[in-house]
>>> print(open('query09.cif').read())   # mmCIF, C-alpha atoms
data_protein
loop_
_atom_site.group_PDB
_atom_site.id
_atom_site.type_symbol
_atom_site.label_atom_id
_atom_site.label_comp_id
_atom_site.auth_asym_id
_atom_site.auth_seq_id
_atom_site.Cartn_x
_atom_site.Cartn_y
_atom_site.Cartn_z
ATOM 1 C CA MET H 769 -33.825 10.749 -50.511
ATOM 2 C CA ALA H 770 -31.364 7.948 -51.205
ATOM 3 C CA VAL H 771 -27.601 8.074 -51.275
ATOM 4 C CA ASN H 772 -26.329 7.702 -54.812
ATOM 5 C CA GLU H 773 -24.560 4.327 -54.912
ATOM 6 C CA SER H 774 -22.970 5.083 -58.266
ATOM 7 C CA PHE H 775 -20.356 7.126 -56.344
ATOM 8 C CA VAL H 776 -18.773 3.953 -54.898
ATOM 9 C CA GLY H 777 -15.213 3.609 -56.137
ATOM 10 C CA ARG H 778 -15.030 7.220 -57.278
ATOM 11 C CA THR H 779 -11.772 9.056 -56.564
ATOM 12 C CA TYR H 780 -11.776 12.844 -56.622
ATOM 13 C CA PRO H 781 -8.962 15.091 -57.847
ATOM 14 C CA PRO H 782 -6.683 16.406 -55.058
ATOM 15 C CA THR H 783 -8.026 19.308 -52.996
ATOM 16 C CA GLU H 784 -6.291 22.648 -52.746
ATOM 17 C CA PRO H 785 -3.444 22.467 -50.178
ATOM 18 C CA PHE H 786 -4.333 22.790 -46.492
ATOM 19 C CA HIS H 787 -1.614 24.759 -44.732
ATOM 20 C CA VAL H 788 -0.911 23.502 -41.189
ATOM 21 C CA GLY H 789 -0.317 26.642 -39.131
ATOM 22 C CA ARG H 790 1.361 26.845 -35.738
ATOM 23 C CA GLU H 791 -1.545 28.660 -34.139
ATOM 24 C CA ALA H 792 -3.989 26.113 -35.549
ATOM 25 C CA VAL H 793 -1.934 23.318 -33.950
ATOM 26 C CA ARG H 794 -1.819 25.173 -30.624
ATOM 27 C CA ASP H 795 -5.551 25.947 -30.685
ATOM 28 C CA PHE H 796 -6.570 22.401 -31.630
ATOM 29 C CA ALA H 797 -4.337 20.982 -28.880
ATOM 30 C CA ALA H 798 -5.953 23.319 -26.336
ATOM 31 C CA ALA H 799 -9.458 22.388 -27.544
ATOM 32 C CA VAL H 800 -8.913 18.655 -26.947
ATOM 33 C CA GLY H 801 -6.825 19.105 -23.793
ATOM 34 C CA ALA H 802 -3.594 17.774 -25.334
ATOM 35 C CA GLY H 803 -0.895 18.697 -22.837
ATOM 36 C CA SER H 804 2.348 17.825 -24.638
ATOM 37 C CA PRO H 805 4.783 20.744 -25.076
ATOM 38 C CA LEU H 806 5.460 19.396 -28.592
ATOM 39 C CA HIS H 807 2.137 20.983 -29.644
ATOM 40 C CA ARG H 808 3.013 24.495 -28.446
ATOM 41 C CA ASP H 809 6.721 24.971 -27.714
ATOM 42 C CA LEU H 810 8.794 25.177 -30.901
ATOM 43 C CA ALA H 811 12.105 24.607 -29.089
ATOM 44 C CA ALA H 812 10.713 21.497 -27.373
ATOM 45 C CA ALA H 813 9.461 20.116 -30.704
ATOM 46 C CA GLN H 814 12.781 20.754 -32.432
ATOM 47 C CA ASP H 815 14.758 19.307 -29.498
ATOM 48 C CA ALA H 816 12.652 16.148 -29.914
ATOM 49 C CA GLY H 817 13.696 15.969 -33.580
ATOM 50 C CA TYR H 818 10.682 17.506 -35.317
ATOM 51 C CA ARG H 819 10.900 20.293 -37.898
ATOM 52 C CA ASP H 820 8.113 22.284 -36.212
ATOM 53 C CA LEU H 821 5.177 21.981 -33.794
ATOM 54 C CA VAL H 822 3.647 18.485 -33.806
ATOM 55 C CA ALA H 823 -0.080 18.190 -34.581
ATOM 56 C CA PRO H 824 -2.246 16.160 -32.157
ATOM 57 C CA PRO H 825 -3.219 12.615 -33.278
ATOM 58 C CA THR H 826 -6.687 13.636 -34.508
ATOM 59 C CA PHE H 827 -5.699 16.975 -36.114
ATOM 60 C CA ALA H 828 -5.917 15.316 -39.548
ATOM 61 C CA ILE H 829 -9.705 15.435 -39.217
ATOM 62 C CA ILE H 830 -9.609 19.093 -40.299
ATOM 63 C CA PRO H 831 -8.172 18.584 -43.814
ATOM 64 C CA ALA H 832 -9.913 15.185 -44.033
ATOM 65 C CA GLN H 833 -13.378 16.628 -43.409
ATOM 66 C CA ARG H 834 -12.740 19.379 -45.956
ATOM 67 C CA SER H 835 -11.881 16.661 -48.437
ATOM 68 C CA ASP H 836 -14.865 14.474 -47.457
ATOM 69 C CA ALA H 837 -17.156 17.502 -47.921
ATOM 70 C CA GLN H 838 -16.700 17.170 -51.682
ATOM 71 C CA PHE H 839 -18.953 14.124 -51.481
ATOM 72 C CA VAL H 840 -21.169 15.010 -48.517
ATOM 73 C CA ALA H 841 -22.053 18.459 -49.891
ATOM 74 C CA ASP H 842 -22.513 17.316 -53.495
ATOM 75 C CA PRO H 843 -26.263 17.530 -54.298
ATOM 76 C CA ASP H 844 -25.885 14.558 -56.673
ATOM 77 C CA ALA H 845 -24.606 12.379 -53.796
ATOM 78 C CA GLY H 846 -28.006 12.577 -52.109
ATOM 79 C CA VAL H 847 -26.756 12.976 -48.525
ATOM 80 C CA ASP H 848 -29.251 14.721 -46.215
ATOM 81 C CA TYR H 849 -26.743 16.443 -43.934
ATOM 82 C CA SER H 850 -29.301 17.081 -41.194
ATOM 83 C CA ARG H 851 -29.570 13.295 -40.727
ATOM 84 C CA VAL H 852 -25.826 12.568 -40.697
ATOM 85 C CA VAL H 853 -24.022 11.215 -37.642
ATOM 86 C CA HIS H 854 -20.390 10.135 -37.400
ATOM 87 C CA GLY H 855 -20.277 6.353 -37.116
ATOM 88 C CA GLU H 856 -16.602 5.408 -37.171
ATOM 89 C CA GLN H 857 -13.260 7.100 -37.591
ATOM 90 C CA ARG H 858 -9.796 5.724 -38.183
ATOM 91 C CA PHE H 859 -6.491 7.519 -38.753
ATOM 92 C CA VAL H 860 -3.294 5.970 -40.047
ATOM 93 C CA HIS H 861 -0.259 8.209 -39.727
ATOM 94 C CA HIS H 862 2.512 7.524 -42.220
ATOM 95 C CA ARG H 863 4.625 10.241 -40.611
ATOM 96 C CA PRO H 864 3.861 12.983 -38.062
ATOM 97 C CA ILE H 865 1.992 16.081 -39.248
ATOM 98 C CA VAL H 866 3.918 19.215 -38.268
ATOM 99 C CA ALA H 867 3.281 22.938 -38.657
ATOM 100 C CA GLY H 868 4.338 24.126 -42.096
ATOM 101 C CA ASP H 869 2.967 21.040 -43.846
ATOM 102 C CA GLU H 870 0.940 21.541 -47.023
ATOM 103 C CA LEU H 871 -1.581 18.721 -47.280
ATOM 104 C CA ARG H 872 -3.796 17.893 -50.239
ATOM 105 C CA GLY H 873 -6.622 15.427 -49.766
ATOM 106 C CA VAL H 874 -7.511 12.725 -52.263
ATOM 107 C CA LEU H 875 -10.998 11.430 -51.534
ATOM 108 C CA THR H 876 -12.250 7.987 -52.489
ATOM 109 C CA ILE H 877 -15.737 6.673 -51.762
ATOM 110 C CA ASP H 878 -15.047 3.174 -50.449
ATOM 111 C CA SER H 879 -18.558 1.921 -49.794
ATOM 112 C CA VAL H 880 -22.232 2.744 -49.500
ATOM 113 C CA ARG H 881 -24.270 0.216 -47.491
ATOM 114 C CA SER H 882 -27.897 0.257 -46.460
ATOM 115 C CA GLY H 883 -29.500 -1.617 -43.590
ATOM 116 C CA GLY H 884 -32.067 -1.125 -40.880
ATOM 117 C CA GLY H 885 -33.398 1.956 -42.631
ATOM 118 C CA HIS H 886 -30.007 3.693 -42.432
ATOM 119 C CA THR H 887 -27.282 4.220 -44.988
ATOM 120 C CA MET H 888 -23.588 4.020 -44.128
ATOM 121 C CA VAL H 889 -20.977 5.673 -46.316
ATOM 122 C CA THR H 890 -17.259 5.023 -45.836
ATOM 123 C CA MET H 891 -14.963 7.695 -47.208
ATOM 124 C CA ARG H 892 -11.174 7.546 -47.370
ATOM 125 C CA THR H 893 -9.033 10.644 -47.652
ATOM 126 C CA ASP H 894 -5.336 10.231 -48.351
ATOM 127 C CA LEU H 895 -3.423 13.312 -47.239
ATOM 128 C CA LEU H 896 -0.392 13.902 -49.453
ATOM 129 C CA ASP H 897 2.559 16.260 -49.210
ATOM 130 C CA PRO H 898 3.662 18.423 -52.180
ATOM 131 C CA ASP H 899 5.817 15.517 -53.464
ATOM 132 C CA ASP H 900 2.748 13.221 -53.420
ATOM 133 C CA GLN H 901 4.142 11.292 -50.467
ATOM 134 C CA PRO H 902 1.463 9.926 -48.089
ATOM 135 C CA VAL H 903 1.307 11.706 -44.723
ATOM 136 C CA ALA H 904 -1.899 10.333 -43.186
ATOM 137 C CA THR H 905 -5.027 8.458 -44.186
ATOM 138 C CA SER H 906 -8.460 9.143 -42.727
ATOM 139 C CA HIS H 907 -11.258 6.571 -42.943
ATOM 140 C CA SER H 908 -14.615 8.075 -41.975
ATOM 141 C CA THR H 909 -17.912 6.258 -41.837
ATOM 142 C CA ILE H 910 -20.979 8.438 -41.681
ATOM 143 C CA VAL H 911 -24.471 7.159 -40.998
ATOM 144 C CA ILE H 912 -27.426 8.821 -42.676
ATOM 145 C CA ARG H 913 -30.344 8.037 -40.389
ATOM 146 C CA GLY H 914 -33.494 6.932 -42.178
ATOM 147 C CA GLU H 915 -36.743 8.858 -41.964
ATOM 148 C CA GLU H 916 -38.938 7.726 -39.055
ATOM 149 C CA GLN H 917 -41.798 5.542 -40.218
ATOM 150 C CA ALA H 918 -45.240 7.073 -39.739
ATOM 151 C CA MET C 222 10.858 14.255 -22.457
ATOM 152 C CA ARG C 223 11.283 10.525 -22.620
ATOM 153 C CA VAL C 224 9.535 8.002 -24.843
ATOM 154 C CA LYS C 225 8.555 4.697 -23.264
ATOM 155 C CA SER C 226 10.634 1.655 -24.193
ATOM 156 C CA HIS C 227 8.951 -1.558 -25.344
ATOM 157 C CA THR C 228 10.881 -3.388 -22.628
ATOM 158 C CA GLU C 229 8.926 -1.476 -19.962
ATOM 159 C CA VAL C 230 5.512 -2.399 -21.357
ATOM 160 C CA THR C 231 3.507 -5.526 -20.556
ATOM 161 C CA VAL C 232 0.221 -6.841 -21.923
ATOM 162 C CA GLY C 233 -2.551 -6.102 -19.443
ATOM 163 C CA GLU C 234 -0.865 -2.963 -18.130
ATOM 164 C CA GLU C 235 -3.467 -0.366 -17.242
ATOM 165 C CA LEU C 236 -2.734 3.211 -18.161
ATOM 166 C CA THR C 237 -3.688 5.990 -15.759
ATOM 167 C CA ALA C 238 -7.463 6.454 -15.935
ATOM 168 C CA ARG C 239 -8.742 9.977 -16.330
ATOM 169 C CA THR C 240 -11.934 11.986 -16.231
ATOM 170 C CA LEU C 241 -12.491 14.512 -19.016
ATOM 171 C CA HIS C 242 -14.828 17.379 -18.313
ATOM 172 C CA VAL C 243 -16.788 18.927 -21.161
ATOM 173 C CA ASP C 244 -19.124 21.900 -21.119
ATOM 174 C CA ARG C 245 -20.635 24.184 -23.758
ATOM 175 C CA ALA C 246 -17.512 26.370 -23.783
ATOM 176 C CA THR C 247 -15.381 23.292 -24.552
ATOM 177 C CA LEU C 248 -17.594 22.528 -27.546
ATOM 178 C CA VAL C 249 -17.545 26.094 -28.865
ATOM 179 C CA HIS C 250 -13.746 26.015 -28.609
ATOM 180 C CA TYR C 251 -13.595 22.662 -30.430
ATOM 181 C CA ALA C 252 -16.061 23.890 -33.095
ATOM 182 C CA GLY C 253 -13.783 26.812 -33.853
ATOM 183 C CA ALA C 254 -10.518 24.885 -33.683
ATOM 184 C CA SER C 255 -11.747 21.990 -35.841
ATOM 185 C CA GLY C 256 -13.997 23.850 -38.271
ATOM 186 C CA ASP C 257 -16.920 21.546 -37.344
ATOM 187 C CA ARG C 258 -19.535 24.179 -36.539
ATOM 188 C CA ASN C 259 -22.587 21.901 -36.659
ATOM 189 C CA VAL C 260 -25.224 23.703 -34.555
ATOM 190 C CA ILE C 261 -26.250 20.560 -32.607
ATOM 191 C CA HIS C 262 -22.965 20.908 -30.713
ATOM 192 C CA TRP C 263 -23.818 24.261 -29.158
ATOM 193 C CA ASP C 264 -27.526 25.093 -29.508
ATOM 194 C CA GLU C 265 -30.016 22.982 -27.575
ATOM 195 C CA GLN C 266 -33.114 24.147 -29.472
ATOM 196 C CA THR C 267 -31.586 22.882 -32.704
ATOM 197 C CA ALA C 268 -30.379 19.677 -31.040
ATOM 198 C CA ARG C 269 -33.872 18.935 -29.680
ATOM 199 C CA ALA C 270 -35.502 19.791 -33.004
ATOM 200 C CA VAL C 271 -33.593 16.923 -34.656
ATOM 201 C CA GLY C 272 -34.534 14.473 -31.901
ATOM 202 C CA LEU C 273 -31.517 14.695 -29.608
ATOM 203 C CA PRO C 274 -32.028 14.953 -25.819
ATOM 204 C CA ASP C 275 -29.823 18.077 -25.598
ATOM 205 C CA VAL C 276 -26.598 19.471 -27.042
ATOM 206 C CA ILE C 277 -24.143 16.638 -27.770
ATOM 207 C CA ALA C 278 -20.349 16.724 -27.926
ATOM 208 C CA HIS C 279 -18.594 16.303 -31.259
ATOM 209 C CA GLY C 280 -17.610 12.635 -31.489
ATOM 210 C CA MET C 281 -14.268 13.921 -32.719
ATOM 211 C CA TRP C 282 -13.850 15.979 -29.532
ATOM 212 C CA THR C 283 -14.291 12.841 -27.449
ATOM 213 C CA MET C 284 -11.922 10.854 -29.678
ATOM 214 C CA GLY C 285 -9.356 13.673 -29.649
ATOM 215 C CA ALA C 286 -9.522 14.178 -25.885
ATOM 216 C CA ALA C 287 -9.468 10.459 -24.973
ATOM 217 C CA ILE C 288 -6.134 9.780 -26.718
ATOM 218 C CA GLU C 289 -4.356 11.994 -24.185
ATOM 219 C CA ALA C 290 -4.352 8.952 -21.868
ATOM 220 C CA VAL C 291 -2.142 7.201 -24.445
ATOM 221 C CA THR C 292 0.079 10.086 -25.593
ATOM 222 C CA ASP C 293 0.823 11.052 -22.003
ATOM 223 C CA TRP C 294 1.811 7.433 -21.276
ATOM 224 C CA VAL C 295 3.987 6.921 -24.382
ATOM 225 C CA GLY C 296 5.652 10.337 -23.955
ATOM 226 C CA ASP C 297 5.289 11.725 -27.490
ATOM 227 C CA PRO C 298 2.009 12.371 -29.341
ATOM 228 C CA ALA C 299 3.679 11.751 -32.721
ATOM 229 C CA ARG C 300 4.150 8.082 -31.730
ATOM 230 C CA VAL C 301 0.465 7.346 -32.389
ATOM 231 C CA LEU C 302 0.613 5.461 -35.709
ATOM 232 C CA GLU C 303 -3.027 4.455 -35.898
ATOM 233 C CA TYR C 304 -6.104 5.418 -33.924
ATOM 234 C CA ARG C 305 -9.644 4.230 -34.512
ATOM 235 C CA THR C 306 -13.034 4.169 -32.870
ATOM 236 C CA ARG C 307 -16.738 3.699 -33.299
ATOM 237 C CA PHE C 308 -19.053 6.354 -31.931
ATOM 238 C CA THR C 309 -21.553 4.222 -30.054
ATOM 239 C CA ARG C 310 -23.523 6.877 -28.141
ATOM 240 C CA PRO C 311 -23.409 10.662 -27.967
ATOM 241 C CA VAL C 312 -22.015 12.522 -24.963
ATOM 242 C CA VAL C 313 -24.946 14.661 -23.821
ATOM 243 C CA VAL C 314 -23.761 18.057 -22.548
ATOM 244 C CA PRO C 315 -26.347 19.939 -20.459
ATOM 245 C CA HIS C 316 -26.128 23.722 -20.039
ATOM 246 C CA ASP C 317 -25.708 23.381 -16.272
ATOM 247 C CA GLY C 318 -22.638 21.495 -15.159
ATOM 248 C CA GLY C 319 -21.671 19.958 -18.507
ATOM 249 C CA ALA C 320 -20.670 16.286 -18.537
ATOM 250 C CA ASP C 321 -17.822 13.987 -17.555
ATOM 251 C CA VAL C 322 -16.236 11.309 -19.741
ATOM 252 C CA GLU C 323 -14.399 8.506 -17.946
ATOM 253 C CA VAL C 324 -11.461 7.109 -19.926
ATOM 254 C CA THR C 325 -9.559 3.914 -19.207
ATOM 255 C CA ALA C 326 -6.916 2.222 -21.330
ATOM 256 C CA VAL C 327 -5.126 -1.122 -21.262
ATOM 257 C CA VAL C 328 -2.238 -2.558 -23.268
ATOM 258 C CA THR C 329 -3.423 -5.466 -25.438
ATOM 259 C CA SER C 330 -0.220 -6.248 -27.352
ATOM 260 C CA VAL C 331 3.494 -5.539 -27.471
ATOM 261 C CA ASP C 332 5.612 -6.608 -30.452
ATOM 262 C CA PRO C 333 9.335 -6.724 -29.594
ATOM 263 C CA ASP C 334 10.303 -6.819 -33.296
ATOM 264 C CA THR C 335 8.462 -3.693 -34.421
ATOM 265 C CA ARG C 336 8.484 -2.164 -30.897
ATOM 266 C CA GLN C 337 4.836 -1.374 -31.444
ATOM 267 C CA SER C 338 2.058 -1.705 -28.929
ATOM 268 C CA VAL C 339 -1.726 -1.652 -29.166
ATOM 269 C CA VAL C 340 -3.766 0.025 -26.447
ATOM 270 C CA GLU C 341 -7.512 -0.451 -26.096
ATOM 271 C CA LEU C 342 -9.441 2.514 -24.736
ATOM 272 C CA THR C 343 -12.864 2.727 -23.149
ATOM 273 C CA ALA C 344 -14.806 5.936 -22.704
ATOM 274 C CA SER C 345 -18.129 6.308 -20.965
ATOM 275 C CA SER C 346 -20.385 9.153 -19.949
ATOM 276 C CA ALA C 347 -23.424 9.015 -17.648
ATOM 277 C CA GLY C 348 -22.723 5.283 -17.269
ATOM 278 C CA GLN C 349 -22.909 4.547 -20.996
ATOM 279 C CA LYS C 350 -20.159 3.595 -23.374
ATOM 280 C CA VAL C 351 -19.563 6.416 -25.881
ATOM 281 C CA LEU C 352 -16.602 4.991 -27.819
ATOM 282 C CA GLY C 353 -16.530 1.386 -29.052
ATOM 283 C CA ARG C 354 -13.715 -0.758 -30.440
ATOM 284 C CA CYS C 355 -11.398 2.134 -29.675
ATOM 285 C CA THR C 356 -7.730 1.249 -30.177
ATOM 286 C CA ALA C 357 -4.448 3.043 -30.712
ATOM 287 C CA ARG C 358 -1.251 1.535 -32.158
ATOM 288 C CA VAL C 359 1.866 3.296 -30.931
ATOM 289 C CA GLN C 360 5.564 3.210 -31.736
ATOM 290 C CA LEU C 361 7.624 2.650 -28.593
ATOM 291 C CA ASP C 362 11.395 2.958 -28.319
#
>>> encode(input="query09.cif", output="structure tokens")
Amino acid sequence: MAVNESFVGRTYPPTEPFHVGREAVRDFAAAVGAGSPLHRDLAAAQDAGYRDLVAPPTFAIIPAQRSDAQFVADPDAGVDYSRVVHGEQRFVHHRPIVAGDELRGVLTIDSVRSGGGHTMVTMRTDLLDPDDQPVATSHSTIVIRGEEQA
Amino acid sequence: MRVKSHTEVTVGEELTARTLHVDRATLVHYAGASGDRNVIHWDEQTARAVGLPDVIAHGMWTMGAAIEAVTDWVGDPARVLEYRTRFTRPVVVPHDGGADVEVTAVVTSVDPDTRQSVVELTASSAGQKVLGRCTARVQLD
């Protein structure tokens, strides 16, 4: 099965909003061992100048992967999910993500490259607030490992 | 809480190294918290069936846990403006004893105009590099 290269350059309509909840921020911080009180103590976050609890630096992967799933899970895209590994990840934060944010993801397929029997797909998700202002951008490269040769 | 000033930072400065411990319970917690419930991160029969040596950690767990070296140093996790890595090798997490990930970080640039700094991280497990070209750009005071 080959990845459908005609998807390159395609931009999807915005996803439904992802609501950033306080408990989700606290739980994610605990899962990655993020010790800052800004992730769990509302008074500490507000004293530091933030509207609400601050999300850890990689929290954006949650709404980003939901956005990226529009491509990965699309049967027409031709991605065999059982052969997918995460190759590269990059986040650019335009402003901090805090609890209470409503984030919609706009997915663009930046590239599909083949080499060495593998296919690499780079997806970009721009996370936007309700006023369409950019909050964070996720660049994910997945590698679809080729079938072993007999 | 105090954020580090750019005047206190020098190129070549080494941040405090740390050892992250990961076991199956860590991965189940991360699977739930992140929504990435791929079975290869908690079930060894499935992991082996797709050619892996054992259960492997989510790359995103390793990336998310490693940045603590930087956020702890800068003093505010919201000061991470950009963070990127390649996933060069999986962190293999055996049932018994789990695994350790060794993280080091060094300052590679400081810009007095923007007050931004770039930190390069390394992460290895079982003697092998698991993150490659891993850098974070942070906003200092």
>>> residues_around(input="query09.cif", residues="range 305-311 of chain C", least_positions_apart="4", cutoff="7 Å", atoms="all atoms listed in the file", output="list in words")
His854, Gly855, Glu856, Gln857, Arg858 and Phe859 of chain H; Ile277, Ala278, Gly280, Lys350, Val351, Leu352, Gly353, Arg354, Cys355, Thr356 and Ala357 of chain C
>>> write_last_selection(input="query09.cif", atoms="C-alpha atoms", output="PDB file, in the coordinates of the input")
ATOM      1  CA  HIS H 854     -20.390  10.135 -37.400  1.00  0.00           C
ATOM      2  CA  GLY H 855     -20.277   6.353 -37.116  1.00  0.00           C
ATOM      3  CA  GLU H 856     -16.602   5.408 -37.171  1.00  0.00           C
ATOM      4  CA  GLN H 857     -13.260   7.100 -37.591  1.00  0.00           C
ATOM      5  CA  ARG H 858      -9.796   5.724 -38.183  1.00  0.00           C
ATOM      6  CA  PHE H 859      -6.491   7.519 -38.753  1.00  0.00           C
TER       7      PHE H 859
ATOM      8  CA  ILE C 277     -24.143  16.638 -27.770  1.00  0.00           C
ATOM      9  CA  ALA C 278     -20.349  16.724 -27.926  1.00  0.00           C
ATOM     10  CA  GLY C 280     -17.610  12.635 -31.489  1.00  0.00           C
ATOM     11  CA  LYS C 350     -20.159   3.595 -23.374  1.00  0.00           C
ATOM     12  CA  VAL C 351     -19.563   6.416 -25.881  1.00  0.00           C
ATOM     13  CA  LEU C 352     -16.602   4.991 -27.819  1.00  0.00           C
ATOM     14  CA  GLY C 353     -16.530   1.386 -29.052  1.00  0.00           C
ATOM     15  CA  ARG C 354     -13.715  -0.758 -30.440  1.00  0.00           C
ATOM     16  CA  CYS C 355     -11.398   2.134 -29.675  1.00  0.00           C
ATOM     17  CA  THR C 356      -7.730   1.249 -30.177  1.00  0.00           C
ATOM     18  CA  ALA C 357      -4.448   3.043 -30.712  1.00  0.00           C
TER      19      ALA C 357
END
>>> resolve_selection(input="query09.cif", expression="the PyMOL selection byres ((chain C) within 10 of (chain H))", output="PyMOL selection string")
chain C and resi 222-223+241-243+246-257+259+261+271+279-290+292-293+296-311+352-358
>>> resolve_selection(input="query09.cif", expression="the PyMOL selection byres ((chain H and resi 894-901) around 9)", output="PDB file with C-alpha atoms, keeping the file's coordinate frame")
ATOM      1  CA  PRO H 782      -6.683  16.406 -55.058  1.00  0.00           C
ATOM      2  CA  PRO H 785      -3.444  22.467 -50.178  1.00  0.00           C
ATOM      3  CA  ALA H 828      -5.917  15.316 -39.548  1.00  0.00           C
ATOM      4  CA  PRO H 831      -8.172  18.584 -43.814  1.00  0.00           C
ATOM      5  CA  ALA H 832      -9.913  15.185 -44.033  1.00  0.00           C
ATOM      6  CA  ASP H 869       2.967  21.040 -43.846  1.00  0.00           C
ATOM      7  CA  GLU H 870       0.940  21.541 -47.023  1.00  0.00           C
ATOM      8  CA  LEU H 871      -1.581  18.721 -47.280  1.00  0.00           C
ATOM      9  CA  ARG H 872      -3.796  17.893 -50.239  1.00  0.00           C
ATOM     10  CA  GLY H 873      -6.622  15.427 -49.766  1.00  0.00           C
ATOM     11  CA  VAL H 874      -7.511  12.725 -52.263  1.00  0.00           C
ATOM     12  CA  LEU H 875     -10.998  11.430 -51.534  1.00  0.00           C
ATOM     13  CA  THR H 876     -12.250   7.987 -52.489  1.00  0.00           C
ATOM     14  CA  ARG H 892     -11.174   7.546 -47.370  1.00  0.00           C
ATOM     15  CA  THR H 893      -9.033  10.644 -47.652  1.00  0.00           C
ATOM     16  CA  PRO H 902       1.463   9.926 -48.089  1.00  0.00           C
ATOM     17  CA  VAL H 903       1.307  11.706 -44.723  1.00  0.00           C
ATOM     18  CA  ALA H 904      -1.899  10.333 -43.186  1.00  0.00           C
ATOM     19  CA  THR H 905      -5.027   8.458 -44.186  1.00  0.00           C
ATOM     20  CA  SER H 906      -8.460   9.143 -42.727  1.00  0.00           C
ATOM     21  CA  HIS H 907     -11.258   6.571 -42.943  1.00  0.00           C
TER      22      HIS H 907
END
>>> closest_residue(input="query09.cif", among="H:Ile912, H:Ile877, H:Gly789, H:Gly884", to="Gln838 in chain H", atoms="all atoms listed in the file")
H:Ile877
>>> residues_near_point(input="query09.cif", point="(7.0, 2.3, -25.3)", cutoff="9 Å", atoms="only C-alpha atoms", output="ChimeraX atom specification")
/C:224-230,294-296,331,336-338,359-362
>>> axis_aligned_box(input="query09.cif", around="range 322-336 of chain C", padding_each_side="6 Å", output="AutoDock Vina command-line options")
--center_x -3.0 --center_y 2.2 --center_z -26.2 --size_x 38.5 --size_y 30.1 --size_z 28.5
>>> residues_near_point(input="query09.cif", point="(-1.1, -2.2, -18.4)", cutoff="12 Å", atoms="only C-alpha atoms", output="ChimeraX atom specification")
/C:229-238,291,294,325-331,338-342
>>> write_last_selection(input="query09.cif", atoms="C-alpha atoms", output="compact mmCIF listing (two decimals), in the coordinates of the input")
# COMPACT_ATOMS: atom_id res chain seq x y z
CA GLU C 229 8.93 -1.48 -19.96
CA VAL C 230 5.51 -2.40 -21.36
CA THR C 231 3.51 -5.53 -20.56
CA VAL C 232 0.22 -6.84 -21.92
CA GLY C 233 -2.55 -6.10 -19.44
CA GLU C 234 -0.86 -2.96 -18.13
CA GLU C 235 -3.47 -0.37 -17.24
CA LEU C 236 -2.73 3.21 -18.16
CA THR C 237 -3.69 5.99 -15.76
CA ALA C 238 -7.46 6.45 -15.94
CA VAL C 291 -2.14 7.20 -24.44
CA TRP C 294 1.81 7.43 -21.28
CA THR C 325 -9.56 3.91 -19.21
CA ALA C 326 -6.92 2.22 -21.33
CA VAL C 327 -5.13 -1.12 -21.26
CA VAL C 328 -2.24 -2.56 -23.27
CA THR C 329 -3.42 -5.47 -25.44
CA SER C 330 -0.22 -6.25 -27.35
CA VAL C 331 3.49 -5.54 -27.47
CA SER C 338 2.06 -1.70 -28.93
CA VAL C 339 -1.73 -1.65 -29.17
CA VAL C 340 -3.77 0.02 -26.45
CA GLU C 341 -7.51 -0.45 -26.10
CA LEU C 342 -9.44 2.51 -24.74
>>> resolve_selection(input="query09.cif", expression="the PyMOL selection byres ((chain H and resi 844) around 12)", output="JSON, numbers by chain")
{"H": [769, 770, 771, 772, 773, 774, 775, 838, 839, 840, 841, 842, 843, 845, 846, 847, 848]}
>>> atom_distance(input="query09.cif", atom1="CA of Met891 in chain H", atom2="CA of Val852 in chain H")
13.6 Å
>>> residues_around(input="query09.cif", residues="Val313 in chain C", least_positions_apart="5", cutoff="10 Å", atoms="only C-alpha atoms", output="PyMOL selection string")
chain C and resi 243-244+262+273-279+319-321+346-347
>>> atom_distance(input="query09.cif", atom1="CA of Gly348 in chain C", atom2="CA of Gly272 in chain C")
20.9 Å
>>> atom_distance(input="query09.cif", atom1="CA of Thr240 in chain C", atom2="CA of Glu323 in chain C")
4.6 Å
